[in-house]
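**Student:** Sharing run.pdb below, PDB, C-alpha atoms and all ligand atoms:
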```pdb
ATOM      1  CA  MET A   1      11.514  94.319  79.376
ATOM      2  CA  ARG A   2      12.334  90.799  80.541
ATOM      3  CA  ARG A   3       9.602  89.007  82.473
ATOM      4  CA  ILE A   4      10.491  88.301  86.093
ATOM      5  CA  ASN A   5      10.516  84.558  86.648
ATOM      6  CA  SER A   6       8.434  83.824  89.734
ATOM      7  CA  LYS A   7      10.088  80.428  90.103
ATOM      8  CA  HIS A   8      12.691  81.725  92.538
ATOM      9  CA  ARG A   9      13.176  84.273  95.283
ATOM     10  CA  ILE A  10      16.892  84.829  95.601
ATOM     11  CA  LEU A  11      18.814  86.306  98.532
ATOM     12  CA  VAL A  12      22.406  87.370  97.845
ATOM     13  CA  LEU A  13      24.415  87.739 101.064
ATOM     14  CA  GLY A  14      27.082  90.369 100.354
ATOM     15  CA  ALA A  15      25.209  91.986  97.447
ATOM     16  CA  SER A  16      27.196  95.212  97.929
ATOM     17  CA  GLY A  17      30.520  93.437  97.363
ATOM     18  CA  PHE A  18      32.496  92.795  94.191
ATOM     19  CA  LEU A  19      31.099  89.339  93.349
ATOM     20  CA  GLY A  20      27.783  89.572  95.238
ATOM     21  CA  ASN A  21      26.921  92.791  93.406
ATOM     22  CA  ALA A  22      27.817  91.338  89.997
ATOM     23  CA  ILE A  23      25.634  88.299  90.775
ATOM     24  CA  TYR A  24      22.764  90.500  92.052
ATOM     25  CA  LYS A  25      22.858  92.591  88.845
ATOM     26  CA  GLU A  26      22.921  89.475  86.662
ATOM     27  CA  LEU A  27      19.894  87.917  88.384
ATOM     28  CA  CYS A  28      17.648  90.837  89.320
ATOM     29  CA  SER A  29      16.007  91.199  85.891
ATOM     30  CA  TYR A  30      15.101  87.514  85.829
ATOM     31  CA  PHE A  31      14.160  86.630  89.420
ATOM     32  CA  LYS A  32      12.811  88.335  92.545
ATOM     33  CA  THR A  33      16.230  89.144  93.950
ATOM     34  CA  PHE A  34      17.179  90.573  97.357
ATOM     35  CA  GLY A  35      20.541  91.382  98.856
ATOM     36  CA  THR A  36      22.415  92.314 102.004
ATOM     37  CA  PHE A  37      24.967  95.051 102.579
ATOM     38  CA  CYS A  38      27.047  95.734 105.683
ATOM     39  CA  THR A  39      28.607  99.218 105.493
ATOM     40  CA  ASP A  40      26.172 102.186 105.755
ATOM     41  CA  ASN A  41      25.122 103.216 102.256
ATOM     42  CA  SER A  42      22.140 105.472 101.511
ATOM     43  CA  GLU A  43      21.507 103.925  98.094
ATOM     44  CA  TYR A  44      20.994 100.473  99.617
ATOM     45  CA  GLN A  45      19.271 101.848 102.717
ATOM     46  CA  ASN A  46      16.562 103.315 100.436
ATOM     47  CA  ASN A  47      16.189 100.173  98.341
ATOM     48  CA  LYS A  48      13.457  97.824  99.604
ATOM     49  CA  HIS A  49      15.271  94.842  98.109
ATOM     50  CA  PHE A  50      18.316  95.406 100.340
ATOM     51  CA  PHE A  51      18.752  94.546 104.028
ATOM     52  CA  GLN A  52      21.577  95.803 106.214
ATOM     53  CA  TYR A  53      23.300  92.809 107.767
ATOM     54  CA  THR A  54      26.414  92.499 109.928
ATOM     55  CA  ALA A  55      27.267  88.883 110.703
ATOM     56  CA  GLU A  56      28.673  89.693 114.165
ATOM     57  CA  GLU A  57      25.551  91.583 115.268
ATOM     58  CA  ASP A  58      22.469  90.480 113.356
ATOM     59  CA  ASP A  59      20.426  87.304 113.198
ATOM     60  CA  ILE A  60      20.379  85.971 109.637
ATOM     61  CA  ILE A  61      17.138  84.093 110.371
ATOM     62  CA  GLU A  62      15.220  87.397 110.584
ATOM     63  CA  ILE A  63      16.265  88.244 107.030
ATOM     64  CA  LEU A  64      15.490  84.723 105.815
ATOM     65  CA  GLU A  65      12.012  84.935 107.357
ATOM     66  CA  ALA A  66      11.405  88.327 105.734
ATOM     67  CA  VAL A  67      12.632  87.313 102.254
ATOM     68  CA  LYS A  68      11.585  83.647 102.229
ATOM     69  CA  PRO A  69      14.221  82.792  99.616
ATOM     70  CA  SER A  70      14.204  79.631  97.528
ATOM     71  CA  ILE A  71      17.908  80.225  96.824
ATOM     72  CA  ILE A  72      20.537  81.797  99.092
ATOM     73  CA  ILE A  73      23.815  82.891  97.510
ATOM     74  CA  SER A  74      26.557  83.388 100.082
ATOM     75  CA  ALA A  75      29.170  85.952  98.974
ATOM     76  CA  ILE A  76      30.144  87.676 102.222
ATOM     77  CA  ARG A  77      33.433  88.359 103.915
ATOM     78  CA  GLY A  78      34.013  89.448 107.509
ATOM     79  CA  ASN A  79      34.682  87.876 110.884
ATOM     80  CA  PHE A  80      35.213  84.119 110.418
ATOM     81  CA  THR A  81      33.511  82.952 113.634
ATOM     82  CA  ALA A  82      30.446  85.082 112.926
ATOM     83  CA  GLN A  83      30.264  83.748 109.368
ATOM     84  CA  ILE A  84      30.469  80.137 110.589
ATOM     85  CA  ILE A  85      27.628  80.713 113.063
ATOM     86  CA  ALA A  86      25.533  82.422 110.360
ATOM     87  CA  HIS A  87      26.052  79.451 108.016
ATOM     88  CA  GLN A  88      25.081  77.039 110.815
ATOM     89  CA  HIS A  89      21.811  78.966 111.160
ATOM     90  CA  ILE A  90      21.353  78.918 107.388
ATOM     91  CA  ALA A  91      21.948  75.138 107.361
ATOM     92  CA  ASP A  92      19.208  74.684 110.007
ATOM     93  CA  TYR A  93      16.869  76.846 107.906
ATOM     94  CA  LEU A  94      17.633  74.798 104.774
ATOM     95  CA  LYS A  95      16.708  71.562 106.594
ATOM     96  CA  SER A  96      13.155  72.726 107.152
ATOM     97  CA  HIS A  97      12.482  74.906 104.083
ATOM     98  CA  SER A  98      12.289  74.412 100.354
ATOM     99  CA  CYS A  99      15.494  76.329  99.736
ATOM    100  CA  LYS A 100      19.026  75.712  98.480
ATOM    101  CA  ILE A 101      22.364  77.479  98.965
ATOM    102  CA  ILE A 102      25.103  78.475  96.546
ATOM    103  CA  PHE A 103      28.265  79.058  98.577
ATOM    104  CA  LEU A 104      31.261  80.926  97.166
ATOM    105  CA  SER A 105      34.286  79.013  98.389
ATOM    106  CA  SER A 106      37.918  79.276  97.412
ATOM    107  CA  ALA A 107      40.848  77.387  95.914
ATOM    108  CA  ASN A 108      42.451  77.930  99.335
ATOM    109  CA  VAL A 109      40.598  74.872 100.664
ATOM    110  CA  PHE A 110      43.484  72.991  98.986
ATOM    111  CA  ASP A 111      46.348  75.288  99.953
ATOM    112  CA  ALA A 112      48.169  72.569 101.918
ATOM    113  CA  TYR A 113      48.664  70.608  98.689
ATOM    114  CA  SER A 114      51.326  72.224  96.598
ATOM    115  CA  LYS A 115      52.357  69.596  94.066
ATOM    116  CA  TYR A 116      49.232  69.243  91.920
ATOM    117  CA  PRO A 117      46.118  71.102  90.851
ATOM    118  CA  SER A 118      42.943  69.965  92.636
ATOM    119  CA  TYR A 119      39.685  68.394  91.408
ATOM    120  CA  GLU A 120      36.149  68.436  92.820
ATOM    121  CA  ASN A 121      36.328  65.160  94.750
ATOM    122  CA  ASP A 122      39.830  65.612  96.161
ATOM    123  CA  LYS A 123      39.982  65.810  99.941
ATOM    124  CA  THR A 124      40.313  69.386 101.122
ATOM    125  CA  LEU A 125      43.346  70.315 103.232
ATOM    126  CA  SER A 126      44.565  73.750 104.214
ATOM    127  CA  ASN A 127      47.284  75.266 106.325
ATOM    128  CA  SER A 128      45.900  78.807 106.242
ATOM    129  CA  VAL A 129      43.303  80.299 108.592
ATOM    130  CA  TYR A 130      41.221  81.394 105.577
ATOM    131  CA  GLY A 131      41.365  77.922 103.988
ATOM    132  CA  HIS A 132      40.375  76.236 107.286
ATOM    133  CA  PHE A 133      37.439  78.582 107.660
ATOM    134  CA  LYS A 134      36.157  77.872 104.131
ATOM    135  CA  ILE A 135      36.541  74.100 104.694
ATOM    136  CA  LYS A 136      34.527  74.351 107.904
ATOM    137  CA  ILE A 137      31.584  76.019 106.130
ATOM    138  CA  GLU A 138      31.838  73.667 103.127
ATOM    139  CA  ASN A 139      31.699  70.634 105.433
ATOM    140  CA  LEU A 140      28.711  71.841 107.387
ATOM    141  CA  LEU A 141      26.831  72.529 104.134
ATOM    142  CA  LEU A 142      27.893  69.295 102.432
ATOM    143  CA  ARG A 143      26.186  67.318 105.243
ATOM    144  CA  LEU A 144      22.808  68.645 104.035
ATOM    145  CA  PRO A 145      20.720  66.783 101.404
ATOM    146  CA  LYS A 146      22.914  66.995  98.319
ATOM    147  CA  THR A 147      20.399  68.688  95.984
ATOM    148  CA  LYS A 148      20.256  71.671  98.361
ATOM    149  CA  VAL A 149      23.895  72.690  98.074
ATOM    150  CA  ALA A 150      26.225  74.050  95.398
ATOM    151  CA  VAL A 151      29.780  74.818  96.520
ATOM    152  CA  LEU A 152      31.618  76.988  93.996
ATOM    153  CA  ARG A 153      35.393  76.894  94.487
ATOM    154  CA  LEU A 154      36.887  80.001  92.897
ATOM    155  CA  PRO A 155      40.491  80.862  92.107
ATOM    156  CA  MET A 156      41.633  84.523  92.094
ATOM    157  CA  VAL A 157      38.934  86.563  90.342
ATOM    158  CA  PHE A 158      40.087  89.298  87.953
ATOM    159  CA  GLY A 159      37.943  91.409  85.570
ATOM    160  CA  SER A 160      38.173  95.092  84.707
ATOM    161  CA  HIS A 161      36.304  96.263  87.826
ATOM    162  CA  SER A 162      37.861  93.786  90.232
ATOM    163  CA  PRO A 163      39.715  95.010  93.333
ATOM    164  CA  ARG A 164      42.784  93.103  92.056
ATOM    165  CA  ILE A 165      42.921  95.066  88.776
ATOM    166  CA  LYS A 166      42.132  98.328  90.590
ATOM    167  CA  ASP A 167      45.049  97.665  92.963
ATOM    168  CA  ILE A 168      47.396  97.059  90.012
ATOM    169  CA  LYS A 169      46.241 100.311  88.363
ATOM    170  CA  THR A 170      46.771 102.206  91.630
ATOM    171  CA  SER A 171      50.296 100.803  92.016
ATOM    172  CA  LEU A 172      51.149 101.804  88.441
ATOM    173  CA  LYS A 173      49.809 105.303  89.012
ATOM    174  CA  GLU A 174      51.554 105.763  92.346
ATOM    175  CA  LYS A 175      54.729 104.003  91.132
ATOM    176  CA  THR A 176      54.628 101.514  94.010
ATOM    177  CA  PRO A 177      55.720  97.884  93.469
ATOM    178  CA  ILE A 178      53.200  95.243  92.443
ATOM    179  CA  GLU A 179      53.541  91.965  94.363
ATOM    180  CA  ILE A 180      54.154  88.895  92.229
ATOM    181  CA  PHE A 181      54.546  85.279  93.340
ATOM    182  CA  PRO A 182      56.987  83.674  90.870
ATOM    183  CA  ASN A 183      56.518  80.135  92.235
ATOM    184  CA  LEU A 184      52.746  80.159  92.231
ATOM    185  CA  ILE A 185      50.958  78.197  89.483
ATOM    186  CA  MET A 186      47.247  78.917  89.502
ATOM    187  CA  ASN A 187      44.138  79.215  87.436
ATOM    188  CA  VAL A 188      42.000  82.355  87.270
ATOM    189  CA  THR A 189      38.541  83.647  86.405
ATOM    190  CA  THR A 190      36.463  86.822  85.990
ATOM    191  CA  ASP A 191      33.349  88.173  87.710
ATOM    192  CA  SER A 192      31.468  88.093  84.384
ATOM    193  CA  LYS A 193      32.139  84.371  83.919
ATOM    194  CA  VAL A 194      31.229  83.600  87.548
ATOM    195  CA  THR A 195      27.872  85.397  87.202
ATOM    196  CA  GLN A 196      27.022  83.446  84.023
ATOM    197  CA  GLN A 197      27.977  80.196  85.761
ATOM    198  CA  VAL A 198      25.787  81.034  88.783
ATOM    199  CA  HIS A 199      22.861  81.879  86.470
ATOM    200  CA  TYR A 200      23.259  78.532  84.674
ATOM    201  CA  ILE A 201      23.463  76.591  87.972
ATOM    202  CA  ILE A 202      20.193  78.223  89.055
ATOM    203  CA  ASN A 203      18.368  77.691  85.738
ATOM    204  CA  GLN A 204      19.479  74.081  85.407
ATOM    205  CA  ASN A 205      18.960  73.321  89.100
ATOM    206  CA  LYS A 206      22.521  72.008  89.410
ATOM    207  CA  TYR A 207      24.125  71.024  92.705
ATOM    208  CA  GLY A 208      27.375  69.631  94.093
ATOM    209  CA  VAL A 209      30.938  70.931  94.087
ATOM    210  CA  PHE A 210      32.060  73.054  91.119
ATOM    211  CA  HIS A 211      35.629  74.055  90.253
ATOM    212  CA  LEU A 212      35.313  77.322  88.401
ATOM    213  CA  GLY A 213      38.892  78.119  87.370
ATOM    214  CA  SER A 214      40.189  78.648  83.830
ATOM    215  CA  LYS A 215      41.025  75.503  81.838
ATOM    216  CA  ASP A 216      44.689  76.497  81.608
ATOM    217  CA  LEU A 217      47.187  77.179  84.367
ATOM    218  CA  VAL A 218      49.334  80.293  84.595
ATOM    219  CA  HIS A 219      52.325  81.413  86.614
ATOM    220  CA  HIS A 220      51.206  84.278  88.848
ATOM    221  CA  ASP A 221      54.130  86.503  87.784
ATOM    222  CA  ASP A 222      53.604  85.928  84.037
ATOM    223  CA  PHE A 223      49.884  86.588  84.323
ATOM    224  CA  ILE A 224      50.318  89.826  86.274
ATOM    225  CA  LYS A 225      53.020  90.992  83.820
ATOM    226  CA  ASP A 226      50.632  90.264  80.895
ATOM    227  CA  ILE A 227      47.978  92.353  82.626
ATOM    228  CA  VAL A 228      50.408  95.239  83.107
ATOM    229  CA  THR A 229      51.435  95.091  79.439
ATOM    230  CA  THR A 230      47.769  95.052  78.388
ATOM    231  CA  LEU A 231      47.172  98.113  80.563
ATOM    232  CA  ASN A 232      49.844  99.738  78.402
ATOM    233  CA  HIS A 233      52.338 100.380  81.113
ATOM    234  CA  HIS A 234      55.989 100.001  80.251
ATOM    235  CA  LYS A 235      57.898 100.808  83.424
ATOM    236  CA  PRO A 236      56.238  98.841  86.206
ATOM    237  CA  SER A 237      58.072  97.886  89.356
ATOM    238  CA  PHE A 238      57.537  94.440  90.859
ATOM    239  CA  LYS A 239      58.157  92.975  94.285
ATOM    240  CA  HIS A 240      59.005  89.277  93.996
ATOM    241  CA  VAL A 241      57.524  87.290  96.863
ATOM    242  CA  PHE A 242      59.035  83.802  97.250
ATOM    243  CA  THR A 243      57.020  81.685  99.677
ATOM    244  CA  THR A 244      58.860  78.432  98.780
ATOM    245  CA  ASN A 245      61.775  77.475  96.576
ATOM    246  CA  ASN A 246      59.645  75.075  94.534
ATOM    247  CA  ASP A 247      56.673  75.657  92.278
ATOM    248  CA  ARG A 248      53.412  75.616  94.229
ATOM    249  CA  TYR A 249      49.984  74.899  92.722
ATOM    250  CA  LEU A 250      46.796  76.676  93.767
ATOM    251  CA  ALA A 251      44.449  75.617  91.018
ATOM    252  CA  VAL A 252      40.880  74.284  90.950
ATOM    253  CA  LEU A 253      40.220  72.286  87.781
ATOM    254  CA  PRO A 254      36.897  70.676  86.835
ATOM    255  CA  LYS A 255      36.732  66.949  86.075
ATOM    256  CA  ASP A 256      33.599  65.290  87.504
ATOM    257  CA  ASN A 257      31.109  68.180  87.559
ATOM    258  CA  LYS A 258      31.873  70.169  84.419
ATOM    259  CA  LEU A 259      29.801  73.047  83.093
ATOM    260  CA  PRO A 260      29.099  73.309  79.333
ATOM    261  CA  LYS A 261      31.873  74.586  77.074
ATOM    262  CA  HIS A 262      30.521  78.145  76.711
ATOM    263  CA  LEU A 263      30.822  78.547  80.495
ATOM    264  CA  GLN A 264      34.449  77.456  80.652
ATOM    265  CA  LEU A 265      37.270  79.916  80.008
ATOM    266  CA  TYR A 266      40.949  80.330  79.225
ATOM    267  CA  SER A 267      43.157  82.847  81.046
ATOM    268  CA  GLN A 268      43.815  84.699  77.769
ATOM    269  CA  GLU A 269      40.124  85.727  77.653
ATOM    270  CA  ILE A 270      40.683  87.701  80.858
ATOM    271  CA  ILE A 271      43.570  89.596  79.283
ATOM    272  CA  GLU A 272      41.459  90.235  76.160
ATOM    273  CA  GLU A 273      38.552  91.515  78.298
ATOM    274  CA  LEU A 274      40.930  94.057  79.874
ATOM    275  CA  ASP A 275      42.123  95.196  76.462
ATOM    276  CA  ILE A 276      38.679  96.490  75.377
TER     277      ILE A 276
HETATM  278  N1  LIG B 301      37.365  88.017  94.880
HETATM  279  C1  LIG B 301      38.060  86.890  94.784
HETATM  280  O1  LIG B 301      39.123  86.852  94.092
HETATM  281  C2  LIG B 301      37.569  85.642  95.472
HETATM  282  C3  LIG B 301      38.254  84.429  95.232
HETATM  283  C4  LIG B 301      37.804  83.270  95.863
HETATM  284  C5  LIG B 301      36.691  83.309  96.700
HETATM  285  N2  LIG B 301      36.047  84.499  96.929
HETATM  286  C6  LIG B 301      34.897  84.505  97.857
HETATM  287  O2  LIG B 301      33.805  85.189  97.266
HETATM  288  C7  LIG B 301      33.066  85.890  98.267
HETATM  289  C8  LIG B 301      32.898  87.348  97.840
HETATM  290  O3  LIG B 301      34.184  87.934  97.697
HETATM  291  P1  LIG B 301      34.363  89.432  97.166
HETATM  292  O4  LIG B 301      35.749  89.526  96.630
HETATM  293  O5  LIG B 301      33.202  89.804  96.321
HETATM  294  O6  LIG B 301      34.318  90.247  98.553
HETATM  295  P2  LIG B 301      34.027  91.819  98.835
HETATM  296  O7  LIG B 301      34.052  92.606  97.592
HETATM  297  O8  LIG B 301      34.942  92.197  99.946
HETATM  298  O9  LIG B 301      32.516  91.800  99.381
HETATM  299  C9  LIG B 301      32.221  91.276 100.652
HETATM  300  C10 LIG B 301      30.758  91.460 100.973
HETATM  301  O10 LIG B 301      30.571  91.036 102.337
HETATM  302  C11 LIG B 301      29.982  92.097 103.085
HETATM  303  N3  LIG B 301      30.514  92.043 104.445
HETATM  304  C12 LIG B 301      31.758  92.406 104.869
HETATM  305  N4  LIG B 301      31.876  92.224 106.189
HETATM  306  C13 LIG B 301      30.683  91.735 106.612
HETATM  307  C14 LIG B 301      30.167  91.350 107.891
HETATM  308  N5  LIG B 301      30.914  91.436 108.999
HETATM  309  N6  LIG B 301      28.886  90.912 107.965
HETATM  310  C15 LIG B 301      28.120  90.817 106.860
HETATM  311  N7  LIG B 301      28.537  91.161 105.621
HETATM  312  C16 LIG B 301      29.816  91.609 105.511
HETATM  313  C17 LIG B 301      30.387  93.377 102.361
HETATM  314  O11 LIG B 301      29.470  94.412 102.681
HETATM  315  P3  LIG B 301      29.879  95.996 102.570
HETATM  316  O12 LIG B 301      30.707  96.123 101.301
HETATM  317  O13 LIG B 301      28.555  96.686 102.496
HETATM  318  O14 LIG B 301      30.658  96.295 103.789
HETATM  319  C18 LIG B 301      30.278  92.911 100.906
HETATM  320  O15 LIG B 301      28.925  92.929 100.499
HETATM  321  C19 LIG B 301      33.831  85.735  99.590
HETATM  322  O16 LIG B 301      33.210  84.729 100.345
HETATM  323  C20 LIG B 301      35.219  85.270  99.141
HETATM  324  O17 LIG B 301      35.828  84.437 100.088
HETATM  325  C21 LIG B 301      36.464  85.665  96.316
END
```
As structure tokens, what does this structure read like?
**Tutor:**
Amino acid sequence: MRRINSKHRILVLGASGFLGNAIYKELCSYFKTFGTFCTDNSEYQNNKHFFQYTAEEDDIIEILEAVKPSIIISAIRGNFTAQIIAHQHIADYLKSHSCKIIFLSSANVFDAYSKYPSYENDKTLSNSVYGHFKIKIENLLLRLPKTKVAVLRLPMVFGSHSPRIKDIKTSLKEKTPIEIFPNLIMNVTTDSKVTQQVHYIINQNKYGVFHLGSKDLVHHDDFIKDIVTTLNHHKPSFKHVFTTNNDRYLAVLPKDNKLPKHLQLYSQEIIEELDI
């Protein structure tokens, strides 16, 4: 049995989701860890460490006052306006409490730049609704004292239990086409790497903006085809989606706020993980 570290009380918003749940499971044997879920679920409803929370309806402050977290990890989806208001309330709470936030952001905060990969201190710019929404929350958090905030910008997250891999498997089974974006150059990661990175950021009390994509860049179509081959499927059908005629980058590379080598990854490791 590992000893629970009383140093932190952690609240994972979205602990029933793909990444939130992986993070919850990684941390719960080490820290007093709590989580939120949104959709009715008897398993969570009967678990005293879980709180039902719907951003559009519930006041996040009530959960914060019940849990008294020293670290909040934000991994929710849902209505954008409700999420922005919830993060404004969280920011007010952080100002007056000994507490920090780890916010899962996205490479989409750079989706208006297409010619280069992006680094931590580059100015964010988006022309998508999703990218704008993430920038808005990042900016409101980045106005707080800097040691209280870690913004983790993630590229597409794969991993054997990820919704993306499940969707590919479903398409192969049902013989429906898999969408590929031949002009998209990106980097990638897995849930298992993200959870290790979050654990390290907590243990080492790190803060700032982190770019958590693989060290190498891949073409979306090549990467998806490699996955399909690894899944041992030989007659897939693909739907080519061309959003521009030129190559377009959507990649978050680390430069100024790097994690140690064992927490960095190459895209090939994701393929190898699927092959097990
Ligand atoms: N997965 C990726 O490839 C990726 C890439 C970049 C960034 N991110 C970011 O990482 C975070 C987690 O993503 P994910 O892929 O793990 O998402 P997910 O699997 O869809 O999980 C979303 C979580 O949010 C909860 N939720 C949904 N609607 C809600 C609402 N209205 N109010 C409160 N909670 C709500 C869900 O609860 P129920 O399941 O109980 O309904 C679930 O716990 C998101 O902020 C996303 O933008 C993900």
**Student:** Could you tell me how far atom CA of Gln45 of chain A lies from atom CA of Ser98 of chain A, in Å and to one decimal?
**Tutor:**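 Between atom CA of Gln45 of chain A and atom CA of Ser98 of chain A the gap works out to 28.4 Å.
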**Student:** Between atom CA of Glu179 of chain A and atom CA of His240 of chain A, what distance in Å does the model show, to one decimal?
**Tutor:** 6.1 Å
**Student:** Once the PyMOL selection byres (((chain A and resi 140) around 12) and not hetatm) has been applied to the shown file, what residues remain in the selection, as a VMD selection string?
**Tutor:** chain A and resid 84 to 92 94 101 103 133 to 139 141 to 146 149 151
**Student:** Output C-alpha atoms of each residue in that selection to a file, as a PDB file, in the frame of the given file.
**Tutor:**
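again.pdb, written as the output of this step:
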```
ATOM      1  CA  ILE A  84      30.469  80.137 110.589  1.00  0.00           C
ATOM      2  CA  ILE A  85      27.628  80.713 113.063  1.00  0.00           C
ATOM      3  CA  ALA A  86      25.533  82.422 110.360  1.00  0.00           C
ATOM      4  CA  HIS A  87      26.052  79.451 108.016  1.00  0.00           C
ATOM      5  CA  GLN A  88      25.081  77.039 110.815  1.00  0.00           C
ATOM      6  CA  HIS A  89      21.811  78.966 111.160  1.00  0.00           C
ATOM      7  CA  ILE A  90      21.353  78.918 107.388  1.00  0.00           C
ATOM      8  CA  ALA A  91      21.948  75.138 107.361  1.00  0.00           C
ATOM      9  CA  ASP A  92      19.208  74.684 110.007  1.00  0.00           C
ATOM     10  CA  LEU A  94      17.633  74.798 104.774  1.00  0.00           C
ATOM     11  CA  ILE A 101      22.364  77.479  98.965  1.00  0.00           C
ATOM     12  CA  PHE A 103      28.265  79.058  98.577  1.00  0.00           C
ATOM     13  CA  PHE A 133      37.439  78.582 107.660  1.00  0.00           C
ATOM     14  CA  LYS A 134      36.157  77.872 104.131  1.00  0.00           C
ATOM     15  CA  ILE A 135      36.541  74.100 104.694  1.00  0.00           C
ATOM     16  CA  LYS A 136      34.527  74.351 107.904  1.00  0.00           C
ATOM     17  CA  ILE A 137      31.584  76.019 106.130  1.00  0.00           C
ATOM     18  CA  GLU A 138      31.838  73.667 103.127  1.00  0.00           C
ATOM     19  CA  ASN A 139      31.699  70.634 105.433  1.00  0.00           C
ATOM     20  CA  LEU A 141      26.831  72.529 104.134  1.00  0.00           C
ATOM     21  CA  LEU A 142      27.893  69.295 102.432  1.00  0.00           C
ATOM     22  CA  ARG A 143      26.186  67.318 105.243  1.00  0.00           C
ATOM     23  CA  LEU A 144      22.808  68.645 104.035  1.00  0.00           C
ATOM     24  CA  PRO A 145      20.720  66.783 101.404  1.00  0.00           C
ATOM     25  CA  LYS A 146      22.914  66.995  98.319  1.00  0.00           C
ATOM     26  CA  VAL A 149      23.895  72.690  98.074  1.00  0.00           C
ATOM     27  CA  VAL A 151      29.780  74.818  96.520  1.00  0.00           C
TER      28      VAL A 151
END
```
**Student:** Carefully work through the PyMOL selection byres (((chain A and resi 245) around 12) and not hetatm) for this structure and note down the residues it includes, as a ChimeraX atom specification.
**Tutor:** /A:114,181-184,241-244,246-248
**Student:** For ligand LIG 301 (chain B), which residue out of A:Ile71, A:Ile180, A:Leu64, A:Leu212 is the nearest one, using all atoms listed in the file?
**Tutor:** A:Leu212
**Student:** Using 5 Å of padding on each side, determine the axis-aligned box around all atoms of ligand LIG 301 (chain B) present in the file and give its centre and edge lengths in Å to one decimal, as lines of an AutoDock Vina configuration file.
**Tutor:**
```
center_x = 33.6
center_y = 90.0
center_z = 101.5
size_x = 21.0
size_y = 23.4
size_z = 24.9
```
**Student:** Measuring atom to atom with only C-alpha atoms, identify which of A:Leu217, A:Ala66, A:Val109, A:Ile72 is nearest to Gln268 of chain A.
**Tutor:**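 Closest to Gln268 of chain A, using only C-alpha atoms: A:Leu217.
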**Student:** Show me which residues line ligand LIG 301 (chain B), defined as having an atom within 9 Å of a ligand atom where all atoms listed in the file count, and present them as an MDAnalysis selection string.
**Tutor:** chainID A and resid 12:22 35:41 44 52:58 74:80 82:83 103:108 130 134 152:158 162:164 188:191
**Student:** Counting only C-alpha atoms, which of A:Ser126, A:Ser160, A:Asn232, A:Ser267 gets nearest to Gly213 of chain A?
**Tutor:**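 Ranking A:Ser126, A:Ser160, A:Asn232, A:Ser267 by distance to Gly213 of chain A, first place goes to A:Ser267.
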**Student:** I'd like the interatomic distance between atom CA of Glu273 of chain A and atom CA of Gln197 of chain A, to a tenth of an Å.
**Tutor:**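 Atom-to-atom, atom CA of Glu273 of chain A to atom CA of Gln197 of chain A, that is 17.2 Å.
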**Student:** Closest to Ile271 of chain A among A:Cys99, A:Ala150, A:Leu27, A:Val228, using only C-alpha atoms?
**Tutor:**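 Nearest candidate to Ile271 of chain A out of A:Cys99, A:Ala150, A:Leu27, A:Val228: A:Val228.
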**Student:** Leaving out Ser237 of chain A and any residue of its chain fewer than 4 positions from it, which residues lie within 10 Å of it when counting all atoms listed in the file, given as a PyMOL selection string?
**Tutor:** chain A and resi 171-172+175-179
